[in-house]
Amino acid sequence: MTIPADAASVTVVRQAVTGLGDLDGWDPVFLADVRVAISEACENAVAHGYPDHRPGTVAIRVELTGDGMAVNVRDDGVGFPAVDAPGRPGTGLGMALMGTLADELSITSPPGGPTELSMTFHIVRSARAS
Amino acid sequence: MNHASFDVPAGAVAHAVLPRVVGALGAQADLPLDRIHDCVLTVDAMLACVDGDRVIAHAGVATDGIEILIGPLSSAHADGAVSPMALGAPGAVVVALSDRAWIDHRGASPAVGTFLSARRR
C-alpha cells in the first residue's frame with residue numbers, strides 16, 4: 001500500500017494490518033506488537049524522510065509466507081539520519097523498539113535517500129485460530 | 001487530504017483489509033457512523049465486481065466525504081457494477097448506498113480494466 005507522508009495516514013496502515021491479522025488469526029499480543037512496529041516504521045519515514053512537512057509518499061509491503069511475515073517500508077525522502085547523529089534527536093528509541101519487536105530488522109538509507117526498512121516476524125497465531 | 005492506494009490479493013485478504021481502511025478514512029472524513037457502515041458495505045459490493053487475482057484500490061478523503069476506486073473490472077461486470085436495475089447484483093448496492101457511482105476508464109492500461117467509485121450522499 002502507498003500512503004502520503006502524513007502522520008494521519010499511519011492510522012490507515014494500522015487498520016490494514018489489523019484486518020490482515022484478524023483474517024490470519026494472529027494472537028492479539030502479536031498483532032499489537034506488529035501494529036506498533038509498523039506504525040513506528042511509517043512514522044519514522046514521515047518524520048525523517050520528509051522533514052518540515054514536505055510532500056511525498058511511503059510505500060508499505062507486507063508479505064506472508066506460512067509462519068513468517070516480511071514487512072518493507074520505503075520512502076523516497078531525504079534519508080534517515082544515523083542513530084547517533086548529533087542534533088537529530090528522536091532517532092534512537094524507535095529503532096530500538098522495532099528491533100525488539102521484530103525478529104530481524106535492517107535499514108538502508110544512503111545520504112539523500114531513499115530509505116528502505118525491512119522487518120521480519122515469526123507469526124504467532126491465537127490458539128483458537130490454529 | 002488523506003488517501004491510500006492498495007494492491008492486494010483478491011478474495012479474503014481484500015475483504016479483510018479494504019473495508020477497515022475505508023472505515024478509518026470515513027471516520028477521518030467525519031462521516032456519521034451509519035455512513036461509515038454504508039462505506040464498508042459499498043466496498044464489499046465493489047469487491048464482488050472485481051475480476052482478476054489482485055485488487056487495485058484507491059481511497060481518499062474528499063471535500064464532502066470519501067472517494068473509493070476499486071478495480072480491475074471485467075468488461076462484463078463494468079456495466080452491472082453501477083446498474084441500479086441489476087436486482088440482487090452488487091451494482092444495485094453500490095448505487096443505492098453511494099451518492100454517485102461511475103465507471104472510470106482512466107487506467108493506464110486497458111488490461112487493468114476499469115474502476116468504480118462511490119461518494120457520500
# chains A, B, ... in the order shown; residues from 1 in each chain; ligands from 1
call {"tool": "closest_atom_pairs", "arguments": {"of": "chain A", "to": "chain B", "cutoff": "10 Å", "atoms": "only C-alpha atoms", "output": "JSON lines"}}
result
{"residue": "A:Met1", "atom": "CA", "partner": "B:Phe6", "partner_atom": "CA", "distance": 4.3}
{"residue": "A:Thr2", "atom": "CA", "partner": "B:Ser5", "partner_atom": "CA", "distance": 5.0}
{"residue": "A:Ile3", "atom": "CA", "partner": "B:Ala4", "partner_atom": "CA", "distance": 4.7}
{"residue": "A:Pro4", "atom": "CA", "partner": "B:His3", "partner_atom": "CA", "distance": 7.0}
{"residue": "A:Ala5", "atom": "CA", "partner": "B:Asn2", "partner_atom": "CA", "distance": 9.6}
{"residue": "A:Asp6", "atom": "CA", "partner": "B:Asn2", "partner_atom": "CA", "distance": 7.8}
{"residue": "A:Ala7", "atom": "CA", "partner": "B:Asn2", "partner_atom": "CA", "distance": 9.6}
{"residue": "A:Ala8", "atom": "CA", "partner": "B:Asn2", "partner_atom": "CA", "distance": 7.2}
{"residue": "A:Ser9", "atom": "CA", "partner": "B:Asn2", "partner_atom": "CA", "distance": 6.1}
{"residue": "A:Val10", "atom": "CA", "partner": "B:Asn2", "partner_atom": "CA", "distance": 9.9}
{"residue": "A:Thr11", "atom": "CA", "partner": "B:Ala24", "partner_atom": "CA", "distance": 7.5}
{"residue": "A:Val12", "atom": "CA", "partner": "B:Val21", "partner_atom": "CA", "distance": 5.6}
{"residue": "A:Val13", "atom": "CA", "partner": "B:Val21", "partner_atom": "CA", "distance": 7.8}
{"residue": "A:Arg14", "atom": "CA", "partner": "B:Val21", "partner_atom": "CA", "distance": 8.7}
{"residue": "A:Gln15", "atom": "CA", "partner": "B:Val21", "partner_atom": "CA", "distance": 5.6}
{"residue": "A:Ala16", "atom": "CA", "partner": "B:Val17", "partner_atom": "CA", "distance": 4.9}
{"residue": "A:Val17", "atom": "CA", "partner": "B:Val17", "partner_atom": "CA", "distance": 7.4}
{"residue": "A:Thr18", "atom": "CA", "partner": "B:Val17", "partner_atom": "CA", "distance": 7.8}
{"residue": "A:Gly19", "atom": "CA", "partner": "B:Val17", "partner_atom": "CA", "distance": 4.7}
{"residue": "A:Leu20", "atom": "CA", "partner": "B:Val17", "partner_atom": "CA", "distance": 6.1}
{"residue": "A:Gly21", "atom": "CA", "partner": "B:Ala16", "partner_atom": "CA", "distance": 8.9}
{"residue": "A:Asp22", "atom": "CA", "partner": "B:Ala16", "partner_atom": "CA", "distance": 7.6}
{"residue": "A:Leu23", "atom": "CA", "partner": "B:Ala16", "partner_atom": "CA", "distance": 6.2}
{"residue": "A:Asp24", "atom": "CA", "partner": "B:Val13", "partner_atom": "CA", "distance": 9.1}
{"residue": "A:Thr57", "atom": "CA", "partner": "B:Ala4", "partner_atom": "CA", "distance": 9.7}
{"residue": "A:Val58", "atom": "CA", "partner": "B:Ala4", "partner_atom": "CA", "distance": 9.9}
{"residue": "A:Ala59", "atom": "CA", "partner": "B:Ser5", "partner_atom": "CA", "distance": 9.2}
{"residue": "A:Ile60", "atom": "CA", "partner": "B:Phe6", "partner_atom": "CA", "distance": 9.5}
{"residue": "A:Arg61", "atom": "CA", "partner": "B:Asp7", "partner_atom": "CA", "distance": 9.3}
{"residue": "A:Val62", "atom": "CA", "partner": "B:Val8", "partner_atom": "CA", "distance": 9.7}
call {"tool": "select_by_dssp", "arguments": {"residues": "chain A", "states": "alpha helix (DSSP H)", "output": "PyMOL selection string"}}
result
chain A and resi 10-24+28-44+93-101
call {"tool": "select_by_dssp", "arguments": {"residues": "region 10-101 of chain B", "states": "strand (DSSP E)", "output": "compact mmCIF listing (two decimals) with N, CA and C atoms, in the first residue's frame"}}
result
# COMPACT_ATOMS: atom_id res chain seq x y z
N ARG B 54 -5.81 -9.90 -8.34
CA ARG B 54 -5.44 -8.83 -7.42
C ARG B 54 -6.43 -7.68 -7.52
N VAL B 55 -6.49 -6.93 -6.45
CA VAL B 55 -7.36 -5.75 -6.40
C VAL B 55 -6.49 -4.51 -6.32
N ILE B 56 -6.77 -3.57 -7.19
CA ILE B 56 -6.11 -2.27 -7.12
C ILE B 56 -7.16 -1.31 -6.56
N ALA B 57 -6.83 -0.65 -5.49
CA ALA B 57 -7.81 0.22 -4.85
C ALA B 57 -7.17 1.54 -4.46
N HIS B 58 -7.98 2.57 -4.51
CA HIS B 58 -7.55 3.89 -4.04
C HIS B 58 -8.72 4.47 -3.26
N ALA B 59 -8.43 4.91 -2.06
CA ALA B 59 -9.47 5.52 -1.24
C ALA B 59 -8.92 6.80 -0.64
N GLY B 60 -9.73 7.85 -0.66
CA GLY B 60 -9.24 9.12 -0.15
C GLY B 60 -10.34 9.98 0.41
N VAL B 61 -9.96 10.83 1.35
CA VAL B 61 -10.89 11.79 1.93
C VAL B 61 -11.05 12.95 0.95
N ALA B 62 -12.29 13.19 0.54
CA ALA B 62 -12.58 14.29 -0.37
C ALA B 62 -13.29 15.40 0.40
N GLY B 65 -16.73 13.99 1.66
CA GLY B 65 -16.83 12.60 2.04
C GLY B 65 -15.60 11.83 1.63
N ILE B 66 -15.75 10.61 1.16
CA ILE B 66 -14.60 9.85 0.71
C ILE B 66 -14.87 9.28 -0.67
N GLU B 67 -13.80 9.14 -1.38
CA GLU B 67 -13.90 8.62 -2.74
C GLU B 67 -13.16 7.29 -2.79
N ILE B 68 -13.75 6.33 -3.46
CA ILE B 68 -13.18 4.97 -3.49
C ILE B 68 -13.12 4.51 -4.94
N LEU B 69 -11.99 4.05 -5.32
CA LEU B 69 -11.85 3.44 -6.64
C LEU B 69 -11.36 2.01 -6.45
N ILE B 70 -12.01 1.07 -7.09
CA ILE B 70 -11.61 -0.33 -6.96
C ILE B 70 -11.68 -1.01 -8.33
N GLY B 71 -10.71 -1.76 -8.64
CA GLY B 71 -10.69 -2.47 -9.91
C GLY B 71 -9.68 -3.60 -9.85
N ALA B 101 -21.98 6.95 -8.59
CA ALA B 101 -21.18 5.79 -8.97
C ALA B 101 -20.93 5.86 -10.47
call {"tool": "closest_residue", "arguments": {"among": "B:Thr63, B:Gly52, B:Met46, B:His37", "to": "Ile103 (chain B)", "atoms": "only C-alpha atoms"}}
result
B:Met46
call {"tool": "atom_distance", "arguments": {"atom1": "CA of Val78 (chain A)", "atom2": "CA of Thr108 (chain A)"}}
result
12.3 Å
call {"tool": "atom_distance", "arguments": {"atom1": "CA of Ser83 (chain B)", "atom2": "CA of Ala45 (chain B)"}}
result
12.2 Å
call {"tool": "closest_residue", "arguments": {"among": "B:Ala92, B:Asp34, B:Leu73, B:Asp99", "to": "Asp53 (chain B)", "atoms": "only C-alpha atoms"}}
result
B:Leu73
call {"tool": "residues_around", "arguments": {"residues": "Gly77 (chain A)", "least_positions_apart": "4", "cutoff": "7 Å", "atoms": "only C-alpha atoms", "output": "ChimeraX atom specification"}}
result
/A:49-50,113-114
call {"tool": "write_last_selection", "arguments": {"atoms": "all heavy atoms", "output": "PDB file, in the first residue's frame"}}
result
ATOM      1  N   GLY A  49      12.111  11.111   6.736  1.00  0.00           N
ATOM      2  CA  GLY A  49      12.278  11.130   5.281  1.00  0.00           C
ATOM      3  C   GLY A  49      11.796  12.426   4.661  1.00  0.00           C
ATOM      4  O   GLY A  49      12.337  12.902   3.665  1.00  0.00           O
ATOM      5  N   TYR A  50      10.758  12.973   5.260  1.00  0.00           N
ATOM      6  CA  TYR A  50      10.155  14.187   4.693  1.00  0.00           C
ATOM      7  C   TYR A  50      10.041  15.252   5.785  1.00  0.00           C
ATOM      8  O   TYR A  50       8.941  15.570   6.241  1.00  0.00           O
ATOM      9  CB  TYR A  50       8.781  13.869   4.115  1.00  0.00           C
ATOM     10  CG  TYR A  50       8.799  12.784   3.073  1.00  0.00           C
ATOM     11  CD1 TYR A  50       8.442  11.471   3.392  1.00  0.00           C
ATOM     12  CD2 TYR A  50       9.201  13.044   1.763  1.00  0.00           C
ATOM     13  CE1 TYR A  50       8.465  10.467   2.449  1.00  0.00           C
ATOM     14  CE2 TYR A  50       9.231  12.040   0.814  1.00  0.00           C
ATOM     15  CZ  TYR A  50       8.856  10.754   1.166  1.00  0.00           C
ATOM     16  OH  TYR A  50       8.890   9.759   0.217  1.00  0.00           O
ATOM     17  N   GLY A 113      18.721   9.653   0.528  1.00  0.00           N
ATOM     18  CA  GLY A 113      17.663   8.675   0.327  1.00  0.00           C
ATOM     19  C   GLY A 113      17.861   7.845  -0.923  1.00  0.00           C
ATOM     20  O   GLY A 113      18.875   7.994  -1.600  1.00  0.00           O
ATOM     21  N   PRO A 114      16.958   6.929  -1.240  1.00  0.00           N
ATOM     22  CA  PRO A 114      15.752   6.604  -0.485  1.00  0.00           C
ATOM     23  C   PRO A 114      16.075   5.747   0.751  1.00  0.00           C
ATOM     24  O   PRO A 114      17.176   5.204   0.850  1.00  0.00           O
ATOM     25  CB  PRO A 114      14.929   5.806  -1.493  1.00  0.00           C
ATOM     26  CG  PRO A 114      15.945   5.109  -2.324  1.00  0.00           C
ATOM     27  CD  PRO A 114      17.093   6.074  -2.444  1.00  0.00           C
TER      28      PRO A 114
END
call {"tool": "closest_residue", "arguments": {"among": "B:Asp64, B:Pro72, B:Val50, B:Ala96", "to": "Ala29 (chain B)", "atoms": "only C-alpha atoms"}}
result
B:Asp64
